[in-house]
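Novice: Just passing along the structure, written as structure tokens.
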Amino acid sequence: MFVTETHEQVRDMARQFADEVIRPVAIDLDRDERFPGEIFEQMGDLGLFGIGVPEALGGPGFDTLAYALVMEELSRGYASVADQCGLVELISTLLVRHGTPEQQAQWLKPVMSARTKVAYCLTEAEAGSDLSGLRTTADRDGAGWKLNGGKIWIHNAPVADIGFVLARTDRNAGHRGMSIFIVDLNAKGVERGPKEHKMGQRASQVGALNFSDVTLPPEALLGEEGRGFHMMMSVLDKGRVGIGSLAVGIGQAGLEAALDYAQQRKQFNARIADFQGVQWLLADMAKDIEAARLLVQSAAVKIDRGENATKACSMAKCFAGDMAVARTADAVQIFGGSGYIRGFEVERLYRDAKITQIYEGTNQIQRMIIARELVKHGARG
Amino acid sequence: MKILVPVKRVVDFNVKIRVKPDGSGVDLQNVKMSMNPFDEIAVEEALRLKEAGKAEEVVVVSIGPAKAEETLRTALAMGADRAILVETDDAVEPLAVAKILKAVGEAEQPGLILLGKQAIDDDCNQTGQMLAALLGWGQGTFASKVELASDAVTVTREVDGGLQTVSLRLPAVVTTDLRLNEPRYASLPNIMRAKKKPLDRRTPADFGVATAARLRILRTEEPARRMAGVKVGSVAELVDRLRTEAGVL
């Protein structure tokens, strides 16, 4: 509905790449929990990282809608690969909006090429949905800072070269006392925790990072001191479009697999696709996937038009995440016992879907945001 | 040297083809269309020759409806420099296509015309050969390897029973086979750049070519359905039935 010919070209390219390069290896990557660096480098060469980075800064300069289309297609291949694309999109958006020309020159190109691996370091043991519990600190130290504290469940922590770390620079200023620092994760004082073994999206490397007296030079500060919380929050709208798209991609892969299977599998001398019980599952999958896709795309278009997109992005992410979990469960159901066996795609999709209700703001937080926006702007706002 | 690459917009190779109920042709309503895969191989080869410093410019041309611009943009996104759209809503037959391409060739003066050996919609496998004949140029068809020098091109051809290598004086027409190369993905920055690359719009009348049909399609029908297989009980029965029923032994 919102998609132009150029968007179609981008989508087709991402779809072909996912079909040829990502989807055939997804089951192996899941089983081995392996970081697919070679796929990421190929994606970097094709401009699939940093999709919104303007041409003037060396990026492809596409809008949020194009980003949403790419995320869905990559995720249809494998959600962990799409999630890397989402991560780089957030980091590069931060750099584009808040970085100095020097920081942009230093980091954008290596990050978009996937040769420099990044981490977005927000979550702590006491700071999840509620970031007011943030304990990591950066204290003035000469012209620079000293970083202390610990982060958990950080995507790419086991492999990342640099981290974008949210830390308190003023202990008494609440949300206005947080700043973002670009931290060399190979520096003295940085310690990486072990890799976590997760339920799904198992090729995504997740772990803890600990900082003890890490020396940060003055140029490590991203944007304005004390504005870190707001900067991190400002990219979350786009992040939610990304995760919503990722959830749609998981759902779409589930529908394709289930439809294919239902047309091949025979019971009682008929294809199971000929039984109404199975047909209704397939129909519900298709309609909910399409509804989620349109919610996500409409939220993306709101961002691109510069409208207030907060409620739209939360609705899209929340609906798409819930949809992905419910409808991949249907896909497993259609596969019957086979769907419960490792090595069948739908078994992986069901596990991969669950986190989409949790990360990028839990779906309970999304509902809080939706309700808050309703109260603030009214039922049509 | 300039390389001219004609490309055709066809039904995407992944699409399940439906024949129109009246048998007059293939149903193209709401069907995904893409660049003919053999033409994509021709674009890729031209780009590789340019990247190897053997050519300076790659020009793509398509003859078809306004929507064929998408196909040309795809070629531009792969890396072609500029495009020519010869717009017509008529179904253009190979001879008319060859005549238009001859006129484009005379205007553009390329050193080499590279195109797919056939299009996957009608599988005619005629355009390249007719074009070479009309221009009076040498032709190397079904190429699986192309080596370009300043005044000649060496083409390895996939023929029945093996490979044949021919050397052609330039300018020449070369048609591409499946194993010549693997086309690249269009990168996102290149898709963006392609929007701004020049695209020249023309009509068959500009080249004085009439596109009226010279062939009459009598009927289009689906291939006969494959019969179900037969399970045999033993090797002896298999051999027996191959001999008596199938008559292949």
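In the structure tokens, chains take the letters A, B, ... in the order shown, each chain's residues start at 1, and ligands count up from 1 in the order shown.
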Check which residues of chain B sit at most 9 Å from chain A using only C-alpha atoms, and return one row each with the closest pair of atoms and their distance in Å to one decimal, ordered by chain and rising number, as a tab-separated table.

Specialist:
residue	atom	partner	partner_atom	distance
B:Glu70	CA	A:Glu5	CA	7.3
B:Arg73	CA	A:Gln9	CA	8.8
B:Thr74	CA	A:Gln9	CA	7.3
B:Tyr185	CA	A:Met13	CA	6.6
B:Ala186	CA	A:Met13	CA	6.8
B:Ser187	CA	A:Leu46	CA	4.2
B:Leu188	CA	A:Gly47	CA	5.0
B:Pro189	CA	A:Pro60	CA	4.1
B:Asn190	CA	A:Pro60	CA	7.8
B:Ile191	CA	A:Val10	CA	7.2
B:Met192	CA	A:Pro60	CA	6.5
B:Arg193	CA	A:Pro60	CA	8.5
B:Lys195	CA	A:Thr6	CA	7.9

Novice: Using N, CA, C and O atoms, can you export the residues from the last selection as a PDB file, in the first residue's frame?

Specialist:
ATOM      1  N   GLU B  70      11.062  -0.517 -14.838  1.00  0.00           N
ATOM      2  CA  GLU B  70      11.530  -1.215 -13.617  1.00  0.00           C
ATOM      3  C   GLU B  70      12.689  -2.150 -13.949  1.00  0.00           C
ATOM      4  O   GLU B  70      13.656  -2.246 -13.208  1.00  0.00           O
ATOM      5  N   ARG B  73      15.708  -0.127 -14.490  1.00  0.00           N
ATOM      6  CA  ARG B  73      16.240   0.379 -13.215  1.00  0.00           C
ATOM      7  C   ARG B  73      17.002  -0.735 -12.488  1.00  0.00           C
ATOM      8  O   ARG B  73      17.979  -0.485 -11.797  1.00  0.00           O
ATOM      9  N   THR B  74      16.520  -1.955 -12.612  1.00  0.00           N
ATOM     10  CA  THR B  74      17.239  -3.075 -11.998  1.00  0.00           C
ATOM     11  C   THR B  74      18.632  -3.207 -12.610  1.00  0.00           C
ATOM     12  O   THR B  74      19.618  -3.378 -11.897  1.00  0.00           O
ATOM     13  N   TYR B 185      24.019  -9.201  -6.641  1.00  0.00           N
ATOM     14  CA  TYR B 185      22.879  -8.501  -6.061  1.00  0.00           C
ATOM     15  C   TYR B 185      23.102  -7.007  -6.280  1.00  0.00           C
ATOM     16  O   TYR B 185      24.232  -6.518  -6.190  1.00  0.00           O
ATOM     17  N   ALA B 186      22.036  -6.276  -6.544  1.00  0.00           N
ATOM     18  CA  ALA B 186      22.132  -4.818  -6.593  1.00  0.00           C
ATOM     19  C   ALA B 186      22.267  -4.322  -5.163  1.00  0.00           C
ATOM     20  O   ALA B 186      21.460  -4.665  -4.319  1.00  0.00           O
ATOM     21  N   SER B 187      23.298  -3.536  -4.861  1.00  0.00           N
ATOM     22  CA  SER B 187      23.457  -3.035  -3.497  1.00  0.00           C
ATOM     23  C   SER B 187      22.473  -1.897  -3.255  1.00  0.00           C
ATOM     24  O   SER B 187      21.996  -1.254  -4.197  1.00  0.00           O
ATOM     25  N   LEU B 188      22.167  -1.643  -1.990  1.00  0.00           N
ATOM     26  CA  LEU B 188      21.223  -0.563  -1.675  1.00  0.00           C
ATOM     27  C   LEU B 188      21.693   0.804  -2.169  1.00  0.00           C
ATOM     28  O   LEU B 188      20.904   1.554  -2.759  1.00  0.00           O
ATOM     29  N   PRO B 189      22.980   1.157  -1.954  1.00  0.00           N
ATOM     30  CA  PRO B 189      23.420   2.455  -2.508  1.00  0.00           C
ATOM     31  C   PRO B 189      23.247   2.514  -4.026  1.00  0.00           C
ATOM     32  O   PRO B 189      22.880   3.561  -4.568  1.00  0.00           O
ATOM     33  N   ASN B 190      23.475   1.399  -4.708  1.00  0.00           N
ATOM     34  CA  ASN B 190      23.325   1.413  -6.168  1.00  0.00           C
ATOM     35  C   ASN B 190      21.863   1.499  -6.599  1.00  0.00           C
ATOM     36  O   ASN B 190      21.555   2.080  -7.643  1.00  0.00           O
ATOM     37  N   ILE B 191      20.952   0.911  -5.812  1.00  0.00           N
ATOM     38  CA  ILE B 191      19.520   1.054  -6.114  1.00  0.00           C
ATOM     39  C   ILE B 191      19.139   2.525  -6.015  1.00  0.00           C
ATOM     40  O   ILE B 191      18.395   3.060  -6.846  1.00  0.00           O
ATOM     41  N   MET B 192      19.673   3.200  -4.998  1.00  0.00           N
ATOM     42  CA  MET B 192      19.391   4.634  -4.831  1.00  0.00           C
ATOM     43  C   MET B 192      19.973   5.433  -6.001  1.00  0.00           C
ATOM     44  O   MET B 192      19.305   6.290  -6.564  1.00  0.00           O
ATOM     45  N   ARG B 193      21.227   5.133  -6.354  1.00  0.00           N
ATOM     46  CA  ARG B 193      21.881   5.867  -7.454  1.00  0.00           C
ATOM     47  C   ARG B 193      21.157   5.642  -8.784  1.00  0.00           C
ATOM     48  O   ARG B 193      21.086   6.536  -9.629  1.00  0.00           O
ATOM     49  N   LYS B 195      18.157   5.509  -9.449  1.00  0.00           N
ATOM     50  CA  LYS B 195      17.001   6.391  -9.652  1.00  0.00           C
ATOM     51  C   LYS B 195      17.399   7.651 -10.406  1.00  0.00           C
ATOM     52  O   LYS B 195      16.580   8.267 -11.071  1.00  0.00           O
TER      53      LYS B 195
END

Novice: With stretch 70-79 of chain A as the partner and 7 Å as the cut-off, tabulate the residues of stretch 235-344 of chain A that qualify, each row holding the nearest pair of atoms and their distance in Å to one decimal, using only C-alpha atoms, sorted by chain and rising number, as CSV.

Specialist:
residue,atom,partner,partner_atom,distance
A:Gly242,CA,A:Met71,CA,6.2
A:Ser245,CA,A:Glu72,CA,4.7
A:Leu246,CA,A:Glu72,CA,5.0
A:Val248,CA,A:Glu72,CA,6.1
A:Gly249,CA,A:Glu72,CA,4.3
A:Ile250,CA,A:Arg76,CA,5.4
A:Gln252,CA,A:Arg76,CA,6.5
A:Ala253,CA,A:Arg76,CA,5.1

Novice: Tell me which protein, DNA and RNA residues are within 7 Å of stretch 273-281 of chain A, counting only C-alpha atoms, leaving out same-chain ones fewer than 5 positions away, and put them as a ChimeraX atom specification.

Specialist: /A:262-263,330,334

Novice: I need the residue nearest B:Lys2 from this list: B:Asp240, B:Glu182, B:Glu87, B:Glu57. Use only C-alpha atoms for the distance.

Specialist: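 Once distances to B:Lys2 are computed over only C-alpha atoms, the minimum belongs to B:Glu57.
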
Novice: Give the answer as one residue: which of B:Arg169, B:Arg214, B:Lys54, B:Arg241 has the shortest atom-to-atom distance to B:Ala152, using only C-alpha atoms?

Specialist: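 So, comparing all the options, the nearest one is B:Arg169.
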
Novice: Nearest to A:Ala220 among A:Ile289, A:Val165, A:Leu259, A:Val21, with distances taken over only C-alpha atoms: which residue is it?

Specialist: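 Among the listed residues, the smallest separation from A:Ala220 belongs to A:Val165.
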
Novice: List the neighbours of B:Lys197 out to 8 Å using only C-alpha atoms; skip same-chain residues closer than 6 positions along the sequence, and give me the result as a ChimeraX atom specification.

Specialist: /B:76,81-83

Novice: Write the residues of the selection above to a file with C-alpha atoms, as a PDB file, in the first residue's frame.

Specialist:
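Saved the output as again_14.pdb:
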ATOM      1  CA  LEU B  76      21.050   0.373 -13.641  1.00  0.00           C
ATOM      2  CA  ASP B  81      25.474   3.543 -16.829  1.00  0.00           C
ATOM      3  CA  ARG B  82      22.344   4.569 -18.702  1.00  0.00           C
ATOM      4  CA  ALA B  83      19.178   3.163 -20.198  1.00  0.00           C
TER       5      ALA B  83
END

Novice: Please return, as a PyMOL selection string, all residues of stretch 198-340 of chain A that DSSP assigns to strand (DSSP E or B) on the basis of the backbone.

Specialist: chain A and resi 206-216+221-222+227+266-267+270-271

Novice: Can you tell me which residues surround stretch 131-139 of chain B at a distance of at most 6 Å, considering only C-alpha atoms, apart from same-chain residues fewer than 3 positions away, and format the answer as a ChimeraX atom specification?

Specialist: /B:98,127-128,168,172-174

Novice: Take atom CA of A:Leu131 and atom CA of A:Ile243 and report the distance between them in Å, one decimal.

Specialist: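 Atom CA of A:Ile243 lies at a distance of 20.0 Å from atom CA of A:Leu131.
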
Novice: As an exercise, work out the distance from atom CA of B:Pro6 to atom CA of B:Val60 in Å and give it to one decimal place.

Specialist: 5.6 Å

Novice: When you look at B:Glu221 with a cut-off of 10 Å (counting only C-alpha atoms), what residues show up, excluding the ones that are within fewer than 5 positions of it in the same chain? I need them as number ranges by chain.

Specialist: B: 18-26

Novice: May I have the residues from that selection written out with all heavy atoms, as a PDB file, in the first residue's frame?

Specialist:
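Full text of part-v3.pdb as output:
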ATOM      1  N   ARG B  18      -0.015 -19.470 -15.273  1.00  0.00           N
ATOM      2  CA  ARG B  18      -1.422 -19.849 -15.525  1.00  0.00           C
ATOM      3  C   ARG B  18      -1.761 -19.485 -16.972  1.00  0.00           C
ATOM      4  O   ARG B  18      -1.486 -18.370 -17.420  1.00  0.00           O
ATOM      5  CB  ARG B  18      -2.365 -19.061 -14.615  1.00  0.00           C
ATOM      6  CG  ARG B  18      -2.307 -19.435 -13.144  1.00  0.00           C
ATOM      7  CD  ARG B  18      -3.399 -18.674 -12.394  1.00  0.00           C
ATOM      8  NE  ARG B  18      -3.417 -17.264 -12.764  1.00  0.00           N
ATOM      9  CZ  ARG B  18      -2.797 -16.295 -12.078  1.00  0.00           C
ATOM     10  NH1 ARG B  18      -2.122 -16.585 -11.007  1.00  0.00           N
ATOM     11  NH2 ARG B  18      -2.859 -15.045 -12.474  1.00  0.00           N
ATOM     12  N   VAL B  19      -2.365 -20.441 -17.672  1.00  0.00           N
ATOM     13  CA  VAL B  19      -2.812 -20.174 -19.035  1.00  0.00           C
ATOM     14  C   VAL B  19      -4.195 -19.532 -18.963  1.00  0.00           C
ATOM     15  O   VAL B  19      -5.035 -19.928 -18.143  1.00  0.00           O
ATOM     16  CB  VAL B  19      -2.861 -21.486 -19.847  1.00  0.00           C
ATOM     17  CG1 VAL B  19      -3.514 -21.263 -21.209  1.00  0.00           C
ATOM     18  CG2 VAL B  19      -1.450 -22.039 -20.015  1.00  0.00           C
ATOM     19  N   LYS B  20      -4.427 -18.501 -19.800  1.00  0.00           N
ATOM     20  CA  LYS B  20      -5.747 -17.847 -19.812  1.00  0.00           C
ATOM     21  C   LYS B  20      -6.820 -18.870 -20.194  1.00  0.00           C
ATOM     22  O   LYS B  20      -6.564 -19.756 -21.025  1.00  0.00           O
ATOM     23  CB  LYS B  20      -5.751 -16.720 -20.848  1.00  0.00           C
ATOM     24  CG  LYS B  20      -5.002 -15.476 -20.403  1.00  0.00           C
ATOM     25  CD  LYS B  20      -5.260 -14.375 -21.427  1.00  0.00           C
ATOM     26  CE  LYS B  20      -4.202 -13.291 -21.343  1.00  0.00           C
ATOM     27  NZ  LYS B  20      -4.219 -12.436 -22.528  1.00  0.00           N
ATOM     28  N   PRO B  21      -8.019 -18.736 -19.620  1.00  0.00           N
ATOM     29  CA  PRO B  21      -9.080 -19.730 -19.891  1.00  0.00           C
ATOM     30  C   PRO B  21      -9.370 -19.887 -21.393  1.00  0.00           C
ATOM     31  O   PRO B  21      -9.682 -20.996 -21.845  1.00  0.00           O
ATOM     32  CB  PRO B  21     -10.305 -19.139 -19.180  1.00  0.00           C
ATOM     33  CG  PRO B  21      -9.757 -18.197 -18.158  1.00  0.00           C
ATOM     34  CD  PRO B  21      -8.452 -17.705 -18.673  1.00  0.00           C
ATOM     35  N   ASP B  22      -9.243 -18.808 -22.181  1.00  0.00           N
ATOM     36  CA  ASP B  22      -9.554 -18.929 -23.613  1.00  0.00           C
ATOM     37  C   ASP B  22      -8.369 -19.432 -24.435  1.00  0.00           C
ATOM     38  O   ASP B  22      -8.456 -19.523 -25.668  1.00  0.00           O
ATOM     39  CB  ASP B  22     -10.069 -17.596 -24.162  1.00  0.00           C
ATOM     40  CG  ASP B  22      -9.000 -16.515 -24.129  1.00  0.00           C
ATOM     41  OD1 ASP B  22      -7.857 -16.810 -23.694  1.00  0.00           O
ATOM     42  OD2 ASP B  22      -9.287 -15.375 -24.525  1.00  0.00           O
ATOM     43  N   GLY B  23      -7.261 -19.760 -23.748  1.00  0.00           N
ATOM     44  CA  GLY B  23      -6.112 -20.336 -24.443  1.00  0.00           C
ATOM     45  C   GLY B  23      -5.361 -19.360 -25.332  1.00  0.00           C
ATOM     46  O   GLY B  23      -4.513 -19.759 -26.135  1.00  0.00           O
ATOM     47  N   SER B  24      -5.633 -18.054 -25.168  1.00  0.00           N
ATOM     48  CA  SER B  24      -4.992 -17.082 -26.058  1.00  0.00           C
ATOM     49  C   SER B  24      -3.586 -16.719 -25.603  1.00  0.00           C
ATOM     50  O   SER B  24      -2.847 -16.050 -26.320  1.00  0.00           O
ATOM     51  CB  SER B  24      -5.855 -15.820 -26.147  1.00  0.00           C
ATOM     52  OG  SER B  24      -5.929 -15.213 -24.871  1.00  0.00           O
ATOM     53  N   GLY B  25      -3.207 -17.131 -24.416  1.00  0.00           N
ATOM     54  CA  GLY B  25      -1.861 -16.825 -23.945  1.00  0.00           C
ATOM     55  C   GLY B  25      -1.750 -17.073 -22.455  1.00  0.00           C
ATOM     56  O   GLY B  25      -2.587 -17.754 -21.862  1.00  0.00           O
ATOM     57  N   VAL B  26      -0.693 -16.496 -21.856  1.00  0.00           N
ATOM     58  CA  VAL B  26      -0.438 -16.675 -20.426  1.00  0.00           C
ATOM     59  C   VAL B  26      -1.040 -15.491 -19.682  1.00  0.00           C
ATOM     60  O   VAL B  26      -0.941 -14.351 -20.128  1.00  0.00           O
ATOM     61  CB  VAL B  26       1.083 -16.785 -20.180  1.00  0.00           C
ATOM     62  CG1 VAL B  26       1.399 -16.686 -18.701  1.00  0.00           C
ATOM     63  CG2 VAL B  26       1.619 -18.087 -20.753  1.00  0.00           C
TER      64      VAL B  26
END

Novice: Mind checking which residues fall within 12 Å of B:Gly64, counting only C-alpha atoms, ignoring those fewer than 2 positions away in the same chain, and posting them as a PyMOL selection string?

Specialist: chain B and resi 6-10+35+61-62+66-72+84-93+96-97+100+201-204+211

Novice: Between A:Ile27, A:Val190, A:Ile272, A:Met232, which residue has the minimum interatomic distance to A:Leu166, considering only C-alpha atoms?

Specialist: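 The answer is A:Met232, which sits nearest to A:Leu166.
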
Novice: Would you mind telling me which residue in A:Glu196, A:Glu360, A:Asp141, A:Asp352 lies nearest to A:Pro158 when using only C-alpha atoms?

Specialist: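 Nearest to A:Pro158: A:Glu196.
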